[in-house]
Amino acid sequence: MPAEIIKVWAERLSLVDIWRAAELIRAGQLVAFPTETVYGLGANAFDAAAVARIFEAKGRPNTDPIIVHCADEPSEEVVDWSQLPEEARRSAQALMSAFMPGALTLILPRGRRIPPIVTAGLPTVGVRLPAHRVAQALIELAGVPIAAPSANRFMHTSPTTAQHVYADLGEHIPLILDGGATDIGIESTILDVCSQPPRLLRHGGIPLEALQSCLAAAGLPERIEVVKGYAPPEETMPAPGMFLKHYAPRAPLTLYYGEDDTQLRATLYAEATRLAAEGRVGLLIAAEDAPFLSELPNVCVEIAGSLNNLTAVAHNLFAALRKLDDQGVRRILARGFPMRGIGVAIQDRLSRAAAGRVVRL
Ligand code: TXA
Ligand code: MG
């Protein structure tokens with residue numbers, strides 16, 4: 001039976017509906033739910049058989065570890081704090097008080113009740129405290145931490161609406177809690193504090209500079225090593241689950257970026273016009289580009305947002321890519337956005353979606 005979708009409002013929580021979802025979690029079933037980043041596909045993190053269902057539903061290889069979501073500071077059952085060296089523990093505490101709940105995932109030593117399937121056999125566990133009220137209520141009512149990857153088919157663009165989840169997983173799960181479009185629109189930042197210096201495994205909702213300032217303000221070393229996660233799927237990954245091709249729409253995407261907007265627009269115009277002769281083309285652009293790139297024959301345009309509002313671009317990015325796919329485009333040409341703040345995460349997702357088809361102008 002296809003998934004049931006229940007509308008839930010963060011401002012006016014219907015605990016009856018969330019209770020139903022929590023009962024499914026306790027019974028070892030899967031529930032998709034909104035977070036402030038993207039939708040998650042949740043299962044009881046203490047239940048290996050339930051977590052196995054996540055891998056099955058997503059078509060995800062079991063070498064890719066899953067983040068554990070908690071409502072509060074994780075207990076000893078989830079994180080083995082005793083395994084963390086003193087300075088790393090102080091860094092973790094400082095980051096937790098600054099950014100949790102929020103779009104930060106910390107890699108910490110795995111606690112005794114987290115089964116190996118959750119962490120792909122690693123001795124560490126990714127922990128996140130979502131800021132979304134629906135996610136928090138679900139975890140609280142379930143009474144267990146919830147293991148949840150993004151609620152998309154493996155390698156596909158992450159879902160930012162319940163409809164995106166339904167399109168990818170509707171046939172595989174019983175229930176989707178629909179909290180509307182997610183706020184941030186890009187996944188959490190992942191920081192491994194088990195290594196020294198801490199390693200940034202994924203850019204995301206919290207910019208790197210914010211993490212560094214937090215550590216500096218707490219009197220801790222602010223050096224963070226940025227892991228370049230661009231391994232093709234078949235090769236050894238620099239960090240688990242960090243595939244080159246990821247977050248991808250169905251149509252092959254090419255990313256064009258550079259400082260000169262005039263040159264960028266001229267290139268997008270020429271390439272879109274050339275490719276449109278062979279089939280429908282999708283253009284992912286900024287609001288400022290629209291006057292130069294609208295109404296080309298056989299070209300669908302999606303505007304991610306203004307170059308001056310990267311928060312809006314992040315919010316719209318994945319939905320815009322899905323819309324282009326829905327219009328049946330055969331190729332997508334995307335422009336790069338300024339690489340500051342959350343723009344670094346935007347560039348990361350677009351270049352992974354491009355899987356190597358990246359052109360620097
Ligand atoms: O914003 C988010 O993080 C969303 C929402 C639902 O919370 N979740 C999410 O999960 O993006 P997922 O599974 O799509 O991506 C999580 C990534 C994995 O692919 C892996 O690279 C990394 O987190 N990860 C998880 N546990 C890890 C661990 N113990 N060590 C290293 N990396 C880990
Ligand atoms: Mg994912």
# chains A, B, ... in the order shown; residues from 1 in each chain; ligands from 1

$ residues_around --residues "Arg60 of chain A" --least-positions-apart "3" --cutoff "7 Å" --atoms "only C-alpha atoms" --output "number ranges by chain"
A: 55-56, 154

$ residues_near_ligand --ligand "ligand 2" --cutoff "8 Å" --atoms "only C-alpha atoms and all ligand atoms" --output "list in words"
Pro149, Ser150, Ala151, Asn152, Phe154, Met155, His156, Thr157, Ser158, Glu187, His246 and Tyr247 of chain A

$ write_last_selection --atoms "C-alpha atoms" --output "short mmCIF file (atom, residue, chain, number, x, y, z; two decimals), in the first residue's frame"
data_model
loop_
_atom_site.label_atom_id
_atom_site.label_comp_id
_atom_site.auth_asym_id
_atom_site.auth_seq_id
_atom_site.Cartn_x
_atom_site.Cartn_y
_atom_site.Cartn_z
CA PRO A 149 19.10 9.44 6.30
CA SER A 150 17.55 11.88 3.83
CA ALA A 151 14.26 10.40 2.59
CA ASN A 152 15.20 9.97 -1.08
CA PHE A 154 20.00 6.50 -2.98
CA MET A 155 21.98 9.11 -5.02
CA HIS A 156 18.88 11.16 -5.82
CA THR A 157 18.30 14.77 -4.80
CA SER A 158 17.30 15.13 -1.11
CA GLU A 187 21.53 18.84 4.64
CA HIS A 246 25.21 12.35 -5.13
CA TYR A 247 22.26 14.66 -4.68
#

$ select_by_dssp --residues "segment 73-305 of chain A" --states "strand (DSSP E or B)" --output "PyMOL selection string"
chain A and resi 79+104-110+124-128+146-147+150+156+175-178+189-192+199-202+225-226+231+243+248+253-257+281-286+299-305

$ write_last_selection --atoms "C-alpha atoms" --output "PDB file, in the first residue's frame"
ATOM      1  CA  VAL A  79      27.537   8.157  22.510  1.00  0.00           C
ATOM      2  CA  LEU A 104      25.035  20.298  12.613  1.00  0.00           C
ATOM      3  CA  THR A 105      25.930  16.604  12.821  1.00  0.00           C
ATOM      4  CA  LEU A 106      28.834  15.616  15.066  1.00  0.00           C
ATOM      5  CA  ILE A 107      30.719  12.362  14.595  1.00  0.00           C
ATOM      6  CA  LEU A 108      31.303  10.922  18.084  1.00  0.00           C
ATOM      7  CA  PRO A 109      32.307   7.542  19.585  1.00  0.00           C
ATOM      8  CA  ARG A 110      29.474   5.032  19.157  1.00  0.00           C
ATOM      9  CA  THR A 124      31.750   6.274  15.542  1.00  0.00           C
ATOM     10  CA  VAL A 125      28.194   7.580  15.264  1.00  0.00           C
ATOM     11  CA  GLY A 126      26.820  10.734  13.644  1.00  0.00           C
ATOM     12  CA  VAL A 127      24.511  12.609  16.027  1.00  0.00           C
ATOM     13  CA  ARG A 128      22.139  15.439  15.235  1.00  0.00           C
ATOM     14  CA  ILE A 146      15.764   7.920  15.461  1.00  0.00           C
ATOM     15  CA  ALA A 147      18.236   6.828  12.783  1.00  0.00           C
ATOM     16  CA  SER A 150      17.551  11.881   3.827  1.00  0.00           C
ATOM     17  CA  HIS A 156      18.883  11.164  -5.822  1.00  0.00           C
ATOM     18  CA  LEU A 175       3.663   7.042   6.587  1.00  0.00           C
ATOM     19  CA  ILE A 176       4.947  10.503   5.712  1.00  0.00           C
ATOM     20  CA  LEU A 177       4.506  13.405   8.135  1.00  0.00           C
ATOM     21  CA  ASP A 178       3.994  16.474   5.953  1.00  0.00           C
ATOM     22  CA  THR A 189      27.092  20.188   8.147  1.00  0.00           C
ATOM     23  CA  ILE A 190      29.014  17.100   9.293  1.00  0.00           C
ATOM     24  CA  LEU A 191      32.016  17.528  11.587  1.00  0.00           C
ATOM     25  CA  ASP A 192      34.124  14.641  12.880  1.00  0.00           C
ATOM     26  CA  ARG A 199      37.489  17.113  10.083  1.00  0.00           C
ATOM     27  CA  LEU A 200      34.673  18.675   8.091  1.00  0.00           C
ATOM     28  CA  LEU A 201      33.130  15.740   6.204  1.00  0.00           C
ATOM     29  CA  ARG A 202      30.262  17.632   4.546  1.00  0.00           C
ATOM     30  CA  GLU A 225      40.556  20.088   8.215  1.00  0.00           C
ATOM     31  CA  VAL A 226      38.217  20.125   5.225  1.00  0.00           C
ATOM     32  CA  ALA A 231      35.485   9.912  -4.720  1.00  0.00           C
ATOM     33  CA  PHE A 243      30.351   9.841  -3.205  1.00  0.00           C
ATOM     34  CA  ALA A 248      21.656  14.248  -8.401  1.00  0.00           C
ATOM     35  CA  LEU A 253      23.673  18.147 -15.004  1.00  0.00           C
ATOM     36  CA  THR A 254      26.598  20.369 -16.026  1.00  0.00           C
ATOM     37  CA  LEU A 255      27.738  23.091 -13.642  1.00  0.00           C
ATOM     38  CA  TYR A 256      29.217  26.325 -15.011  1.00  0.00           C
ATOM     39  CA  TYR A 257      30.830  28.756 -12.642  1.00  0.00           C
ATOM     40  CA  VAL A 281      16.981  21.552 -21.786  1.00  0.00           C
ATOM     41  CA  GLY A 282      16.667  22.742 -18.175  1.00  0.00           C
ATOM     42  CA  LEU A 283      18.422  25.863 -16.937  1.00  0.00           C
ATOM     43  CA  LEU A 284      19.006  26.470 -13.235  1.00  0.00           C
ATOM     44  CA  ILE A 285      19.835  30.140 -12.843  1.00  0.00           C
ATOM     45  CA  ALA A 286      19.733  33.144 -10.515  1.00  0.00           C
ATOM     46  CA  VAL A 299      14.390  25.443 -22.653  1.00  0.00           C
ATOM     47  CA  CYS A 300      12.781  25.261 -19.179  1.00  0.00           C
ATOM     48  CA  VAL A 301      14.056  27.789 -16.682  1.00  0.00           C
ATOM     49  CA  GLU A 302      14.092  27.447 -12.888  1.00  0.00           C
ATOM     50  CA  ILE A 303      15.194  30.396 -10.786  1.00  0.00           C
ATOM     51  CA  ALA A 304      16.843  29.253  -7.546  1.00  0.00           C
ATOM     52  CA  GLY A 305      16.933  32.759  -6.064  1.00  0.00           C
TER      53      GLY A 305
END

$ select_by_dssp --residues "segment 29-203 of chain A" --states "alpha helix (DSSP H)" --output "PyMOL selection string"
chain A and resi 48-58+86-99+133-142+162-169

$ residues_around --residues "Ile184 of chain A" --least-positions-apart "5" --cutoff "9 Å" --atoms "only C-alpha atoms" --output "list of chain:residue names"
A:Glu36, A:Thr37, A:Val38, A:Ala103, A:Thr160, A:Gly205, A:Thr311, A:Ala312, A:Ala314, A:His315, A:Asn316

$ write_last_selection --atoms "N, CA, C and O atoms" --output "CSV table (one decimal), in the first residue's frame"
chain,number,residue,atom,x,y,z
A,36,GLU,N,14.5,20.7,9.8
A,36,GLU,CA,14.8,22.0,9.2
A,36,GLU,C,15.7,22.0,8.0
A,36,GLU,O,15.8,22.9,7.3
A,37,THR,N,16.4,20.8,7.8
A,37,THR,CA,17.3,20.8,6.6
A,37,THR,C,16.6,20.1,5.5
A,37,THR,O,16.2,20.8,4.5
A,38,VAL,N,16.3,18.8,5.5
A,38,VAL,CA,15.6,18.1,4.5
A,38,VAL,C,14.7,17.0,5.2
A,38,VAL,O,14.9,16.9,6.4
A,103,ALA,N,21.4,22.6,12.4
A,103,ALA,CA,21.9,21.8,11.2
A,103,ALA,C,23.3,21.4,11.3
A,103,ALA,O,24.1,21.5,10.3
A,160,THR,N,12.8,18.0,0.0
A,160,THR,CA,12.5,19.2,0.8
A,160,THR,C,11.0,19.4,1.0
A,160,THR,O,10.6,20.3,1.7
A,205,GLY,N,24.2,23.2,6.3
A,205,GLY,CA,23.4,24.3,6.8
A,205,GLY,C,24.2,25.3,7.7
A,205,GLY,O,23.9,26.5,7.7
A,311,THR,N,20.6,32.1,1.2
A,311,THR,CA,19.7,31.4,2.0
A,311,THR,C,18.5,30.9,1.2
A,311,THR,O,18.0,29.7,1.3
A,312,ALA,N,17.9,31.8,0.4
A,312,ALA,CA,16.8,31.4,-0.5
A,312,ALA,C,17.2,30.4,-1.5
A,312,ALA,O,16.4,29.5,-1.9
A,314,ALA,N,19.5,28.1,-1.3
A,314,ALA,CA,19.6,26.8,-0.6
A,314,ALA,C,18.2,26.3,-0.4
A,314,ALA,O,18.0,25.1,-0.7
A,315,HIS,N,17.3,27.1,0.1
A,315,HIS,CA,15.9,26.7,0.3
A,315,HIS,C,15.3,26.1,-1.0
A,315,HIS,O,14.5,25.1,-0.9
A,316,ASN,N,15.6,26.7,-2.1
A,316,ASN,CA,14.9,26.3,-3.3
A,316,ASN,C,15.6,25.3,-4.2
A,316,ASN,O,15.0,24.7,-5.1

$ closest_residue --among "A:Val144, A:Ile67, A:Val8, A:Ile114" --to "Asp80 of chain A" --atoms "only C-alpha atoms"
A:Ile114

$ closest_residue --among "A:Leu361, A:Ala334, A:Val329, A:Ala320" --to "Thr262 of chain A" --atoms "only C-alpha atoms"
A:Leu361

$ closest_residue --among "A:Ser188, A:Gln163, A:Gln136, A:Ser75" --to "Ile18 of chain A" --atoms "only C-alpha atoms"
A:Gln136

$ closest_residue --among "A:Gly356, A:Pro115, A:Gly179, A:Pro85" --to "His132 of chain A" --atoms "only C-alpha atoms"
A:Gly179

$ decode --residues "segment 16-93 of chain A" --atoms "C-alpha atoms" --output "JSON list (two decimals), in the first residue's frame"
[["chain", "number", "residue", "atom", "x", "y", "z"],
["A", 16, "VAL", "CA", -2.48, 12.40, 18.04],
["A", 17, "ASP", "CA", -0.96, 12.22, 14.56],
["A", 18, "ILE", "CA", 2.60, 12.30, 15.79],
["A", 19, "TRP", "CA", 1.73, 9.60, 18.34],
["A", 20, "ARG", "CA", 0.64, 7.33, 15.48],
["A", 21, "ALA", "CA", 3.96, 7.92, 13.76],
["A", 22, "ALA", "CA", 5.82, 7.29, 17.03],
["A", 23, "GLU", "CA", 3.99, 3.97, 17.45],
["A", 24, "LEU", "CA", 5.13, 2.89, 13.99],
["A", 25, "ILE", "CA", 8.72, 3.75, 14.95],
["A", 26, "ARG", "CA", 8.40, 1.73, 18.17],
["A", 27, "ALA", "CA", 6.97, -1.17, 16.15],
["A", 28, "GLY", "CA", 10.08, -1.27, 13.94],
["A", 29, "GLN", "CA", 8.51, 0.50, 10.93],
["A", 30, "LEU", "CA", 9.70, 3.48, 8.90],
["A", 31, "VAL", "CA", 8.30, 7.02, 9.05],
["A", 32, "ALA", "CA", 9.37, 9.98, 6.91],
["A", 33, "PHE", "CA", 9.38, 13.27, 8.78],
["A", 34, "PRO", "CA", 10.38, 16.91, 8.26],
["A", 35, "THR", "CA", 13.51, 18.44, 9.75],
["A", 36, "GLU", "CA", 14.75, 22.00, 9.24],
["A", 37, "THR", "CA", 17.29, 20.75, 6.64],
["A", 38, "VAL", "CA", 15.60, 18.07, 4.50],
["A", 39, "TYR", "CA", 13.08, 15.27, 5.13],
["A", 40, "GLY", "CA", 14.42, 12.22, 6.95],
["A", 41, "LEU", "CA", 13.46, 8.54, 6.71],
["A", 42, "GLY", "CA", 13.34, 7.40, 10.31],
["A", 43, "ALA", "CA", 13.61, 4.12, 12.20],
["A", 44, "ASN", "CA", 14.30, 3.17, 15.83],
["A", 45, "ALA", "CA", 18.09, 3.61, 16.08],
["A", 46, "PHE", "CA", 18.32, 0.81, 18.68],
["A", 47, "ASP", "CA", 16.59, -1.72, 16.39],
["A", 48, "ALA", "CA", 18.90, -3.31, 13.80],
["A", 49, "ALA", "CA", 16.03, -4.92, 11.87],
["A", 50, "ALA", "CA", 14.19, -1.60, 11.60],
["A", 51, "VAL", "CA", 17.34, 0.17, 10.38],
["A", 52, "ALA", "CA", 17.85, -2.59, 7.79],
["A", 53, "ARG", "CA", 14.48, -1.52, 6.32],
["A", 54, "ILE", "CA", 15.90, 1.97, 5.70],
["A", 55, "PHE", "CA", 18.71, 0.59, 3.52],
["A", 56, "GLU", "CA", 16.19, -1.54, 1.65],
["A", 57, "ALA", "CA", 13.69, 1.27, 1.04],
["A", 58, "LYS", "CA", 16.37, 3.69, -0.17],
["A", 59, "GLY", "CA", 18.37, 1.15, -2.18],
["A", 60, "ARG", "CA", 21.35, 2.38, -0.16],
["A", 61, "PRO", "CA", 24.58, 0.37, 0.18],
["A", 62, "ASN", "CA", 25.23, -0.75, 3.76],
["A", 63, "THR", "CA", 28.68, 0.90, 3.67],
["A", 64, "ASP", "CA", 26.99, 4.30, 4.06],
["A", 65, "PRO", "CA", 26.41, 5.16, 7.75],
["A", 66, "ILE", "CA", 23.21, 6.78, 9.05],
["A", 67, "ILE", "CA", 22.87, 9.80, 11.35],
["A", 68, "VAL", "CA", 21.12, 9.28, 14.72],
["A", 69, "HIS", "CA", 18.64, 12.01, 15.68],
["A", 70, "CYS", "CA", 18.07, 12.84, 19.34],
["A", 71, "ALA", "CA", 15.70, 15.22, 21.11],
["A", 72, "ASP", "CA", 18.29, 16.11, 23.76],
["A", 73, "GLU", "CA", 21.97, 15.77, 24.44],
["A", 74, "PRO", "CA", 22.70, 12.12, 23.52],
["A", 75, "SER", "CA", 22.90, 9.62, 26.38],
["A", 76, "GLU", "CA", 25.72, 7.15, 27.08],
["A", 77, "GLU", "CA", 23.67, 4.55, 25.20],
["A", 78, "VAL", "CA", 24.10, 6.59, 22.00],
["A", 79, "VAL", "CA", 27.54, 8.16, 22.51],
["A", 80, "ASP", "CA", 30.40, 6.63, 24.45],
["A", 81, "TRP", "CA", 31.69, 9.91, 25.85],
["A", 82, "SER", "CA", 34.44, 8.12, 27.78],
["A", 83, "GLN", "CA", 36.18, 7.34, 24.46],
["A", 84, "LEU", "CA", 36.54, 11.01, 23.55],
["A", 85, "PRO", "CA", 39.84, 12.72, 24.50],
["A", 86, "GLU", "CA", 39.49, 15.74, 26.81],
["A", 87, "GLU", "CA", 40.05, 18.47, 24.20],
["A", 88, "ALA", "CA", 37.73, 16.79, 21.69],
["A", 89, "ARG", "CA", 35.07, 16.58, 24.38],
["A", 90, "ARG", "CA", 35.40, 20.29, 25.09],
["A", 91, "SER", "CA", 35.13, 21.07, 21.37],
["A", 92, "ALA", "CA", 32.05, 18.85, 21.10],
["A", 93, "GLN", "CA", 30.45, 20.54, 24.12]]
